[in-house]
file data32.pdb (PDB, C-alpha atoms, pLDDT in the B column)
ATOM      1  CA  MET N   1     -24.733 -14.082  14.473  1.00 59.00           C
ATOM      2  CA  PRO N   2     -23.687 -14.704  10.830  1.00 59.00           C
ATOM      3  CA  ALA N   3     -23.004 -10.963  10.467  1.00 62.00           C
ATOM      4  CA  LEU N   4     -20.859 -10.965  13.645  1.00 58.00           C
ATOM      5  CA  LYS N   5     -18.968 -14.043  12.466  1.00 63.00           C
ATOM      6  CA  ASP N   6     -18.331 -12.384   9.099  1.00 71.00           C
ATOM      7  CA  PHE N   7     -17.094  -9.197  10.780  1.00 77.00           C
ATOM      8  CA  ASN N   8     -14.767 -11.152  13.085  1.00 82.00           C
ATOM      9  CA  GLN N   9     -13.283 -12.965  10.083  1.00 81.00           C
ATOM     10  CA  ARG N  10     -12.762  -9.709   8.199  1.00 82.00           C
ATOM     11  CA  PHE N  11     -11.186  -8.051  11.257  1.00 86.00           C
ATOM     12  CA  LYS N  12      -8.730 -10.923  11.786  1.00 87.00           C
ATOM     13  CA  TYR N  13      -7.652 -10.822   8.151  1.00 87.00           C
ATOM     14  CA  LEU N  14      -7.331  -7.041   8.369  1.00 88.00           C
ATOM     15  CA  CYS N  15      -4.984  -7.256  11.376  1.00 89.00           C
ATOM     16  CA  LEU N  16      -2.920  -9.982   9.719  1.00 91.00           C
ATOM     17  CA  SER N  17      -2.729  -8.016   6.482  1.00 89.00           C
ATOM     18  CA  ILE N  18      -1.460  -4.865   8.222  1.00 89.00           C
ATOM     19  CA  ILE N  19       1.372  -6.870   9.784  1.00 93.00           C
ATOM     20  CA  ILE N  20       2.227  -8.540   6.465  1.00 94.00           C
ATOM     21  CA  ASN N  21       2.068  -5.216   4.639  1.00 90.00           C
ATOM     22  CA  ALA N  22       4.313  -3.423   7.122  1.00 87.00           C
ATOM     23  CA  ALA N  23       6.813  -6.290   7.231  1.00 93.00           C
ATOM     24  CA  GLY N  24       6.935  -6.504   3.431  1.00 93.00           C
ATOM     25  CA  ASN N  25       7.352  -2.769   2.946  1.00 86.00           C
ATOM     26  CA  ALA N  26      10.057  -2.648   5.605  1.00 86.00           C
ATOM     27  CA  LEU N  27      11.893  -5.597   4.044  1.00 92.00           C
ATOM     28  CA  ALA N  28      11.874  -3.912   0.634  1.00 89.00           C
ATOM     29  CA  ILE N  29      13.099  -0.650   2.184  1.00 83.00           C
ATOM     30  CA  SER N  30      15.826  -2.452   4.130  1.00 86.00           C
ATOM     31  CA  THR N  31      17.281  -3.996   0.963  1.00 90.00           C
ATOM     32  CA  ASN N  32      18.007  -0.471  -0.349  1.00 84.00           C
ATOM     33  CA  LEU N  33      16.931  -1.584  -3.816  1.00 90.00           C
ATOM     34  CA  GLY N  34      13.653   0.326  -4.065  1.00 86.00           C
ATOM     35  CA  SER N  35      10.215  -0.405  -2.686  1.00 82.00           C
ATOM     36  CA  ALA N  36       6.551   0.289  -3.390  1.00 79.00           C
ATOM     37  CA  VAL N  37       5.854   3.407  -5.436  1.00 79.00           C
ATOM     38  CA  TRP N  38       3.937   5.290  -2.727  1.00 77.00           C
ATOM     39  CA  THR N  39       5.855   4.400   0.449  1.00 72.00           C
ATOM     40  CA  GLY N  40       9.406   3.921  -0.798  1.00 65.00           C
ATOM     41  CA  GLY N  41       9.474   6.188  -3.792  1.00 72.00           C
ATOM     42  CA  SER N  42       7.098   9.111  -3.932  1.00 82.00           C
ATOM     43  CA  ALA N  43       6.932   9.952  -0.202  1.00 76.00           C
ATOM     44  CA  VAL N  44      10.721   9.820   0.191  1.00 75.00           C
ATOM     45  CA  ASN N  45      11.281  12.081  -2.806  1.00 84.00           C
ATOM     46  CA  LEU N  46       8.580  14.494  -1.627  1.00 85.00           C
ATOM     47  CA  SER N  47      10.324  14.614   1.761  1.00 80.00           C
ATOM     48  CA  HIS N  48      13.706  15.460   0.194  1.00 81.00           C
ATOM     49  CA  TRP N  49      12.164  17.967  -2.198  1.00 91.00           C
ATOM     50  CA  THR N  50      10.208  19.925   0.417  1.00 89.00           C
ATOM     51  CA  GLY N  51      12.330  19.298   3.512  1.00 87.00           C
ATOM     52  CA  ILE N  52       9.305  17.853   5.317  1.00 80.00           C
ATOM     53  CA  PRO N  53      10.115  14.842   7.570  1.00 74.00           C
ATOM     54  CA  LEU N  54       9.176  11.538   5.954  1.00 70.00           C
ATOM     55  CA  GLY N  55       6.524  10.705   8.543  1.00 70.00           C
ATOM     56  CA  THR N  56       4.847  14.068   8.033  1.00 77.00           C
ATOM     57  CA  ALA N  57       5.057  13.673   4.249  1.00 77.00           C
ATOM     58  CA  MET N  58       3.324  10.287   4.462  1.00 75.00           C
ATOM     59  CA  PHE N  59       0.652  11.716   6.757  1.00 78.00           C
ATOM     60  CA  LEU N  60      -0.008  14.627   4.397  1.00 81.00           C
ATOM     61  CA  TYR N  61      -0.229  12.129   1.547  1.00 78.00           C
ATOM     62  CA  GLY N  62      -2.838  10.239   3.522  1.00 78.00           C
ATOM     63  CA  VAL N  63      -4.928  13.355   4.120  1.00 83.00           C
ATOM     64  CA  ALA N  64      -4.663  14.539   0.502  1.00 86.00           C
ATOM     65  CA  VAL N  65      -5.600  11.168  -0.981  1.00 86.00           C
ATOM     66  CA  THR N  66      -8.388  10.706   1.576  1.00 86.00           C
ATOM     67  CA  ILE N  67      -9.941  13.902   0.197  1.00 90.00           C
ATOM     68  CA  LEU N  68      -9.354  12.688  -3.382  1.00 90.00           C
ATOM     69  CA  ASN N  69     -11.089   9.409  -2.539  1.00 89.00           C
ATOM     70  CA  GLN N  70     -14.160  11.313  -1.328  1.00 90.00           C
ATOM     71  CA  LEU N  71     -14.235  13.291  -4.577  1.00 92.00           C
ATOM     72  CA  LEU N  72     -14.017  10.106  -6.650  1.00 90.00           C
ATOM     73  CA  LEU N  73     -16.851   8.535  -4.668  1.00 89.00           C
ATOM     74  CA  GLY N  74     -19.024  11.551  -5.418  1.00 89.00           C
ATOM     75  CA  HIS N  75     -20.351  11.782  -1.864  1.00 88.00           C
ATOM     76  CA  PHE N  76     -19.032  12.082   1.693  1.00 90.00           C
ATOM     77  CA  ASP N  77     -18.385   8.651   3.215  1.00 89.00           C
ATOM     78  CA  ARG N  78     -17.668   9.285   6.895  1.00 88.00           C
ATOM     79  CA  ARG N  79     -16.618   5.712   7.674  1.00 83.00           C
ATOM     80  CA  ARG N  80     -14.150   5.626   4.796  1.00 83.00           C
ATOM     81  CA  PHE N  81     -12.823   9.090   5.657  1.00 88.00           C
ATOM     82  CA  VAL N  82     -12.127   8.183   9.287  1.00 87.00           C
ATOM     83  CA  SER N  83     -10.722   4.737   8.462  1.00 83.00           C
ATOM     84  CA  ASN N  84      -8.346   6.198   5.867  1.00 83.00           C
ATOM     85  CA  ILE N  85      -6.879   8.520   8.480  1.00 85.00           C
ATOM     86  CA  MET N  86      -6.785   5.776  11.130  1.00 83.00           C
ATOM     87  CA  TYR N  87      -4.832   3.341   8.986  1.00 84.00           C
ATOM     88  CA  THR N  88      -1.701   5.448   8.719  1.00 78.00           C
ATOM     89  CA  ILE N  89      -0.924   5.383  12.476  1.00 77.00           C
ATOM     90  CA  PRO N  90      -0.298   1.652  13.174  1.00 80.00           C
ATOM     91  CA  PHE N  91       1.063   1.096   9.688  1.00 81.00           C
ATOM     92  CA  SER N  92       3.748   3.786  10.032  1.00 75.00           C
ATOM     93  CA  TYR N  93       4.994   2.519  13.399  1.00 78.00           C
ATOM     94  CA  LEU N  94       4.981  -1.106  12.276  1.00 82.00           C
ATOM     95  CA  VAL N  95       7.007  -0.284   9.157  1.00 80.00           C
ATOM     96  CA  ALA N  96       9.566   1.509  11.320  1.00 78.00           C
ATOM     97  CA  GLY N  97       9.696  -1.394  13.774  1.00 85.00           C
ATOM     98  CA  PHE N  98      10.091  -4.054  11.114  1.00 89.00           C
ATOM     99  CA  GLU N  99      12.723  -2.027   9.289  1.00 83.00           C
ATOM    100  CA  TYR N 100      14.711  -1.878  12.541  1.00 88.00           C
ATOM    101  CA  ILE N 101      14.421  -5.671  12.875  1.00 94.00           C
ATOM    102  CA  TRP N 102      15.495  -6.329   9.272  1.00 95.00           C
ATOM    103  CA  ASN N 103      18.425  -3.955   9.692  1.00 93.00           C
ATOM    104  CA  ILE N 104      19.485  -5.661  12.934  1.00 96.00           C
ATOM    105  CA  LEU N 105      19.349  -8.989  11.109  1.00 97.00           C
ATOM    106  CA  GLY N 106      21.780  -7.579   8.549  1.00 97.00           C
ATOM    107  CA  VAL N 107      19.604  -7.356   5.443  1.00 95.00           C
ATOM    108  CA  PRO N 108      21.308  -4.160   4.148  1.00 93.00           C
ATOM    109  CA  GLN N 109      24.717  -5.888   4.308  1.00 96.00           C
ATOM    110  CA  LEU N 110      23.720  -8.958   2.290  1.00 96.00           C
ATOM    111  CA  GLY N 111      24.998  -9.561  -1.244  1.00 96.00           C
ATOM    112  CA  LEU N 112      23.183  -8.077  -4.216  1.00 95.00           C
ATOM    113  CA  VAL N 113      21.536 -11.331  -5.350  1.00 96.00           C
ATOM    114  CA  LEU N 114      20.123 -12.089  -1.889  1.00 97.00           C
ATOM    115  CA  ARG N 115      18.853  -8.521  -1.528  1.00 96.00           C
ATOM    116  CA  ILE N 116      17.131  -8.717  -4.918  1.00 95.00           C
ATOM    117  CA  ILE N 117      15.388 -11.922  -3.815  1.00 96.00           C
ATOM    118  CA  LEU N 118      14.338 -10.372  -0.497  1.00 96.00           C
ATOM    119  CA  ASP N 119      13.146  -7.233  -2.267  1.00 95.00           C
ATOM    120  CA  VAL N 120      10.881  -9.351  -4.480  1.00 95.00           C
ATOM    121  CA  VAL N 121       9.664 -11.314  -1.443  1.00 96.00           C
ATOM    122  CA  GLY N 122       8.887  -8.095   0.413  1.00 95.00           C
ATOM    123  CA  LEU N 123       6.929  -6.646  -2.504  1.00 94.00           C
ATOM    124  CA  PHE N 124       5.083  -9.952  -2.940  1.00 94.00           C
ATOM    125  CA  MET N 125       4.051  -9.686   0.720  1.00 95.00           C
ATOM    126  CA  VAL N 126       2.797  -6.145   0.117  1.00 91.00           C
ATOM    127  CA  ALA N 127       0.613  -7.222  -2.812  1.00 90.00           C
ATOM    128  CA  VAL N 128      -0.798 -10.179  -0.860  1.00 92.00           C
ATOM    129  CA  ALA N 129      -1.598  -7.905   2.084  1.00 90.00           C
ATOM    130  CA  VAL N 130      -3.327  -5.362  -0.143  1.00 86.00           C
ATOM    131  CA  SER N 131      -5.454  -8.135  -1.627  1.00 85.00           C
ATOM    132  CA  MET N 132      -6.404  -9.277   1.875  1.00 86.00           C
ATOM    133  CA  TYR N 133      -7.542  -5.999   3.321  1.00 83.00           C
ATOM    134  CA  THR N 134      -9.205  -4.731   0.190  1.00 81.00           C
ATOM    135  CA  ARG N 135     -11.323  -7.881   0.375  1.00 84.00           C
ATOM    136  CA  SER N 136     -11.941  -7.331   4.091  1.00 80.00           C
ATOM    137  CA  ASN N 137     -12.768  -3.668   3.358  1.00 75.00           C
ATOM    138  CA  LEU N 138     -12.849  -2.392   6.932  1.00 78.00           C
ATOM    139  CA  ILE N 139     -10.013   0.131   6.816  1.00 79.00           C
ATOM    140  CA  MET N 140      -7.403   0.694   4.123  1.00 73.00           C
ATOM    141  CA  HIS N 141      -4.338   2.812   3.502  1.00 74.00           C
ATOM    142  CA  PRO N 142      -5.700   5.764   1.494  1.00 71.00           C
ATOM    143  CA  PRO N 143      -2.928   6.415  -1.067  1.00 66.00           C
ATOM    144  CA  ASN N 144      -1.951   2.990  -2.343  1.00 65.00           C
ATOM    145  CA  ASP N 145      -4.959   0.874  -1.440  1.00 69.00           C
ATOM    146  CA  ASP N 146      -8.290   2.645  -1.036  1.00 76.00           C
ATOM    147  CA  LEU N 147      -7.621   4.836  -4.060  1.00 85.00           C
ATOM    148  CA  ALA N 148      -6.905   1.742  -6.169  1.00 78.00           C
ATOM    149  CA  TYR N 149      -9.955   0.001  -4.682  1.00 78.00           C
ATOM    150  CA  ILE N 150     -12.290   2.857  -5.637  1.00 85.00           C
ATOM    151  CA  ILE N 151     -10.824   3.043  -9.141  1.00 86.00           C
ATOM    152  CA  ARG N 152     -11.019  -0.749  -9.483  1.00 83.00           C
ATOM    153  CA  PHE N 153     -14.713  -1.125  -8.703  1.00 83.00           C
ATOM    154  CA  LYS N 154     -16.096   2.236  -9.830  1.00 82.00           C
ATOM    155  CA  PHE N 155     -14.047   2.964 -12.948  1.00 82.00           C
ATOM    156  CA  GLY N 156     -11.958  -0.124 -13.777  1.00 74.00           C
ATOM    157  CA  SER N 157     -14.588  -2.853 -14.229  1.00 76.00           C
ATOM    158  CA  GLY N 158     -13.074  -4.813 -11.328  1.00 78.00           C
ATOM    159  CA  SER N 159      -9.606  -5.051 -12.887  1.00 80.00           C
ATOM    160  CA  ALA N 160      -6.830  -5.063 -10.265  1.00 72.00           C
ATOM    161  CA  ILE N 161      -4.203  -4.453 -12.948  1.00 76.00           C
ATOM    162  CA  ILE N 162      -5.886  -1.391 -14.498  1.00 81.00           C
ATOM    163  CA  SER N 163      -6.694   0.114 -11.102  1.00 81.00           C
ATOM    164  CA  GLN N 164      -3.120  -0.260  -9.855  1.00 75.00           C
ATOM    165  CA  TRP N 165      -1.697   1.443 -12.935  1.00 80.00           C
ATOM    166  CA  LEU N 166      -4.146   4.353 -12.663  1.00 85.00           C
ATOM    167  CA  SER N 167      -3.575   4.731  -8.909  1.00 84.00           C
ATOM    168  CA  TYR N 168       0.171   5.084  -9.560  1.00 82.00           C
ATOM    169  CA  LEU N 169      -0.307   8.303 -11.558  1.00 87.00           C
ATOM    170  CA  PRO N 170      -0.206  10.695  -8.532  1.00 86.00           C
ATOM    171  CA  PRO N 171       3.025   9.281  -7.013  1.00 87.00           C
ATOM    172  CA  LEU N 172       4.695   9.124 -10.430  1.00 86.00           C
ATOM    173  CA  ILE N 173       3.817  12.790 -10.970  1.00 90.00           C
ATOM    174  CA  ILE N 174       5.311  13.671  -7.566  1.00 89.00           C
ATOM    175  CA  ILE N 175       8.475  11.689  -8.374  1.00 89.00           C
ATOM    176  CA  GLY N 176       8.771  13.501 -11.702  1.00 91.00           C
ATOM    177  CA  LEU N 177       8.297  16.924 -10.123  1.00 92.00           C
ATOM    178  CA  SER N 178      10.795  16.094  -7.373  1.00 91.00           C
ATOM    179  CA  TYR N 179      13.399  15.140  -9.949  1.00 91.00           C
ATOM    180  CA  PHE N 180      12.659  18.279 -11.992  1.00 93.00           C
ATOM    181  CA  PHE N 181      13.195  20.596  -9.027  1.00 93.00           C
ATOM    182  CA  THR N 182      16.052  18.768  -7.251  1.00 92.00           C
ATOM    183  CA  GLY N 183      17.820  16.907 -10.051  1.00 91.00           C
ATOM    184  CA  ARG N 184      17.984  13.781  -7.865  1.00 87.00           C
ATOM    185  CA  LEU N 185      15.904  10.683  -7.159  1.00 82.00           C
ATOM    186  CA  TYR N 186      15.752   8.834  -3.845  1.00 77.00           C
ATOM    187  CA  ALA N 187      14.510   5.319  -2.953  1.00 71.00           C
ATOM    188  CA  ILE N 188      13.935   4.488  -6.612  1.00 81.00           C
ATOM    189  CA  GLY N 189      15.392   1.294  -7.999  1.00 86.00           C
ATOM    190  CA  PHE N 190      14.737  -2.258  -9.060  1.00 90.00           C
ATOM    191  CA  GLY N 191      12.026  -2.770  -6.435  1.00 90.00           C
ATOM    192  CA  THR N 192      10.095   0.309  -7.525  1.00 86.00           C
ATOM    193  CA  VAL N 193       9.938  -0.890 -11.125  1.00 86.00           C
ATOM    194  CA  TRP N 194       9.087  -4.418  -9.975  1.00 90.00           C
ATOM    195  CA  ALA N 195       6.186  -3.144  -7.840  1.00 84.00           C
ATOM    196  CA  LEU N 196       4.953  -0.883 -10.630  1.00 79.00           C
ATOM    197  CA  VAL N 197       4.853  -3.756 -13.114  1.00 85.00           C
ATOM    198  CA  THR N 198       3.737  -6.694 -10.975  1.00 87.00           C
ATOM    199  CA  GLN N 199       1.651  -5.583  -7.992  1.00 82.00           C
ATOM    200  CA  GLY N 200      -1.696  -5.560  -9.782  1.00 80.00           C
ATOM    201  CA  ALA N 201      -1.099  -9.030 -11.215  1.00 87.00           C
ATOM    202  CA  VAL N 202       0.020 -10.429  -7.847  1.00 89.00           C
ATOM    203  CA  MET N 203      -3.059  -8.913  -6.208  1.00 86.00           C
ATOM    204  CA  LYS N 204      -5.282 -10.604  -8.783  1.00 85.00           C
ATOM    205  CA  TRP N 205      -3.531 -13.939  -8.161  1.00 90.00           C
ATOM    206  CA  SER N 206      -3.841 -13.455  -4.393  1.00 87.00           C
ATOM    207  CA  ASP N 207      -7.581 -12.801  -4.642  1.00 85.00           C
ATOM    208  CA  TYR N 208      -8.068 -16.404  -5.736  1.00 85.00           C
ATOM    209  CA  HIS N 209      -5.169 -18.276  -4.140  1.00 79.00           C
ATOM    210  CA  MET N 210      -4.311 -16.581  -0.817  1.00 84.00           C
ATOM    211  CA  PHE N 211      -7.030 -17.094   1.802  1.00 77.00           C
ATOM    212  CA  PRO N 212      -9.702 -17.808  -0.864  1.00 77.00           C
ATOM    213  CA  LYS N 213     -12.468 -17.995   1.760  1.00 77.00           C
ATOM    214  CA  LEU N 214     -12.104 -14.238   2.204  1.00 73.00           C
ATOM    215  CA  LYS N 215     -14.425 -12.676  -0.379  1.00 72.00           C
ATOM    216  CA  HIS N 216     -14.672  -9.082  -1.575  1.00 62.00           C
ATOM    217  CA  HIS N 217     -16.964  -6.897   0.531  1.00 62.00           C
ATOM    218  CA  ILE N 218     -17.766  -4.155  -1.964  1.00 61.00           C
ATOM    219  CA  ASP N 219     -19.530  -1.062  -0.563  1.00 57.00           C
ATOM    220  CA  LEU N 220     -19.402   1.503  -3.352  1.00 52.00           C
TER     221      LEU N 220
END
call {"tool": "encode", "arguments": {"input": "data32.pdb", "output": "structure tokens"}}
result
Amino acid sequence: MPALKDFNQRFKYLCLSIIINAAGNALAISTNLGSAVWTGGSAVNLSHWTGIPLGTAMFLYGVAVTILNQLLLGHFDRRRFVSNIMYTIPFSYLVAGFEYIWNILGVPQLGLVLRIILDVVGLFMVAVAVSMYTRSNLIMHPPNDDLAYIIRFKFGSGSAIISQWLSYLPPLIIIGLSYFFTGRLYAIGFGTVWALVTQGAVMKWSDYHMFPKLKHHIDL
């Protein structure tokens, strides 16, 4: 019974975190001021560079990073492999749905100051959500979250800040290559820099202050 109760708690926090994550990402995207490095920056630029639709680009990212995660683990983890692939489906549709809602509410037409504030709020929500479902550790988004989680606890001595910076290397490389070959950058702005600088620190703060009863379930 204690194990079932623990699983139920983790599952509820996971579901809540996916909603918060999608809503926060969509809010940041809707402000048109830049969003998280993976979703709003690297994937968009990869899509423009290659001509692949954004949804397909994000899916291919998920598959590629899922394979990278297995290599970093040093062994095949079937549960993690399947969960990485599974996460992208509800997350993608929820982001699209929330973006539609934010756009209907007129977020893109707001003044610059209000959009900056909402961009920060959206990215804060993303960091809180990542903290929640990395602690739950049932399923995670492979590029931004599970990769950082593996780096954090296998190579980064538990540091959320170090792991976030290291996990940003692949999308930053893609952004750089996209700019080199196209001469243009898309979906890069204030919010991208803000996420790059602050997300690890906000995650660390969230670990202790947002839903503190939810503890890390480390399985490396």
call {"tool": "residues_around", "arguments": {"input": "data32.pdb", "residues": "range 208-210 of chain N", "least_positions_apart": "2", "cutoff": "12 Å", "atoms": "all atoms listed in the file", "output": "PyMOL selection string"}}
result
chain N and resi 13+17+124-125+127-133+135+201-206+212-216
call {"tool": "write_last_selection", "arguments": {"input": "data32.pdb", "atoms": "C-alpha atoms", "output": "mmCIF file, in the frame of the given file"}}
result
data_model
loop_
_atom_site.group_PDB
_atom_site.id
_atom_site.type_symbol
_atom_site.label_atom_id
_atom_site.label_comp_id
_atom_site.auth_asym_id
_atom_site.auth_seq_id
_atom_site.Cartn_x
_atom_site.Cartn_y
_atom_site.Cartn_z
ATOM 1 C CA TYR N 13 -7.652 -10.822 8.151
ATOM 2 C CA SER N 17 -2.729 -8.016 6.482
ATOM 3 C CA PHE N 124 5.083 -9.952 -2.940
ATOM 4 C CA MET N 125 4.051 -9.686 0.720
ATOM 5 C CA ALA N 127 0.613 -7.222 -2.812
ATOM 6 C CA VAL N 128 -0.798 -10.179 -0.860
ATOM 7 C CA ALA N 129 -1.598 -7.905 2.084
ATOM 8 C CA VAL N 130 -3.327 -5.362 -0.143
ATOM 9 C CA SER N 131 -5.454 -8.135 -1.627
ATOM 10 C CA MET N 132 -6.404 -9.277 1.875
ATOM 11 C CA TYR N 133 -7.542 -5.999 3.321
ATOM 12 C CA ARG N 135 -11.323 -7.881 0.375
ATOM 13 C CA ALA N 201 -1.099 -9.030 -11.215
ATOM 14 C CA VAL N 202 0.020 -10.429 -7.847
ATOM 15 C CA MET N 203 -3.059 -8.913 -6.208
ATOM 16 C CA LYS N 204 -5.282 -10.604 -8.783
ATOM 17 C CA TRP N 205 -3.531 -13.939 -8.161
ATOM 18 C CA SER N 206 -3.841 -13.455 -4.393
ATOM 19 C CA PRO N 212 -9.702 -17.808 -0.864
ATOM 20 C CA LYS N 213 -12.468 -17.995 1.760
ATOM 21 C CA LEU N 214 -12.104 -14.238 2.204
ATOM 22 C CA LYS N 215 -14.425 -12.676 -0.379
ATOM 23 C CA HIS N 216 -14.672 -9.082 -1.575
#
call {"tool": "atom_distance", "arguments": {"input": "data32.pdb", "atom1": "CA of Pro142 in chain N", "atom2": "CA of Val197 in chain N"}}
result
20.4 Å
call {"tool": "atom_distance", "arguments": {"input": "data32.pdb", "atom1": "CA of Leu105 in chain N", "atom2": "CA of Leu27 in chain N"}}
result
10.8 Å
call {"tool": "residues_near_point", "arguments": {"input": "data32.pdb", "point": "(5.5, -3.8, 8.9)", "cutoff": "9 Å", "atoms": "all atoms listed in the file", "output": "short mmCIF file (atom, residue, chain, number, x, y, z; two decimals) with C-alpha atoms, in the frame of the given file"}}
result
data_model
loop_
_atom_site.label_atom_id
_atom_site.label_comp_id
_atom_site.auth_asym_id
_atom_site.auth_seq_id
_atom_site.Cartn_x
_atom_site.Cartn_y
_atom_site.Cartn_z
CA ILE N 18 -1.46 -4.86 8.22
CA ILE N 19 1.37 -6.87 9.78
CA ILE N 20 2.23 -8.54 6.46
CA ASN N 21 2.07 -5.22 4.64
CA ALA N 22 4.31 -3.42 7.12
CA ALA N 23 6.81 -6.29 7.23
CA GLY N 24 6.94 -6.50 3.43
CA ASN N 25 7.35 -2.77 2.95
CA ALA N 26 10.06 -2.65 5.60
CA LEU N 27 11.89 -5.60 4.04
CA PHE N 91 1.06 1.10 9.69
CA SER N 92 3.75 3.79 10.03
CA TYR N 93 4.99 2.52 13.40
CA LEU N 94 4.98 -1.11 12.28
CA VAL N 95 7.01 -0.28 9.16
CA ALA N 96 9.57 1.51 11.32
CA GLY N 97 9.70 -1.39 13.77
CA PHE N 98 10.09 -4.05 11.11
CA GLU N 99 12.72 -2.03 9.29
#
call {"tool": "closest_residue", "arguments": {"input": "data32.pdb", "among": "N:Ser157, N:Ser136, N:Thr192, N:Thr198", "to": "Leu16 in chain N", "atoms": "all atoms listed in the file"}}
result
N:Ser136
call {"tool": "residues_around", "arguments": {"input": "data32.pdb", "residues": "Arg152 in chain N", "least_positions_apart": "3", "cutoff": "10 Å", "atoms": "all atoms listed in the file", "output": "ChimeraX atom specification"}}
result
/N:146-149,155-164,166-167
call {"tool": "residues_around", "arguments": {"input": "data32.pdb", "residues": "range 40-57 of chain N", "least_positions_apart": "3", "cutoff": "12 Å", "atoms": "all atoms listed in the file", "output": "PyMOL selection string"}}
result
chain N and resi 22+24-37+60-64+88-89+91-93+95-96+119+123+143-144+168-193+195-196
call {"tool": "closest_residue", "arguments": {"input": "data32.pdb", "among": "N:Val107, N:Leu72, N:Met140, N:Met58", "to": "Lys154 in chain N", "atoms": "only C-alpha atoms"}}
result
N:Leu72
call {"tool": "closest_residue", "arguments": {"input": "data32.pdb", "among": "N:Trp38, N:Phe153, N:Phe76, N:Trp194", "to": "Thr134 in chain N", "atoms": "only C-alpha atoms"}}
result
N:Phe153
call {"tool": "atom_distance", "arguments": {"input": "data32.pdb", "atom1": "CA of Arg79 in chain N", "atom2": "CA of Asn137 in chain N"}}
result
11.0 Å
call {"tool": "residues_around", "arguments": {"input": "data32.pdb", "residues": "Arg80 in chain N", "least_positions_apart": "6", "cutoff": "12 Å", "atoms": "all atoms listed in the file", "output": "compact mmCIF listing (two decimals) with C-alpha atoms, in the frame of the given file"}}
result
# COMPACT_ATOMS: atom_id res chain seq x y z
CA VAL N 65 -5.60 11.17 -0.98
CA THR N 66 -8.39 10.71 1.58
CA ILE N 67 -9.94 13.90 0.20
CA LEU N 68 -9.35 12.69 -3.38
CA ASN N 69 -11.09 9.41 -2.54
CA GLN N 70 -14.16 11.31 -1.33
CA LEU N 73 -16.85 8.54 -4.67
CA MET N 86 -6.78 5.78 11.13
CA TYR N 87 -4.83 3.34 8.99
CA ASN N 137 -12.77 -3.67 3.36
CA LEU N 138 -12.85 -2.39 6.93
CA ILE N 139 -10.01 0.13 6.82
CA MET N 140 -7.40 0.69 4.12
CA HIS N 141 -4.34 2.81 3.50
CA PRO N 142 -5.70 5.76 1.49
CA ASP N 146 -8.29 2.64 -1.04
CA LEU N 147 -7.62 4.84 -4.06
CA TYR N 149 -9.96 0.00 -4.68
CA ILE N 150 -12.29 2.86 -5.64
CA ASP N 219 -19.53 -1.06 -0.56
CA LEU N 220 -19.40 1.50 -3.35
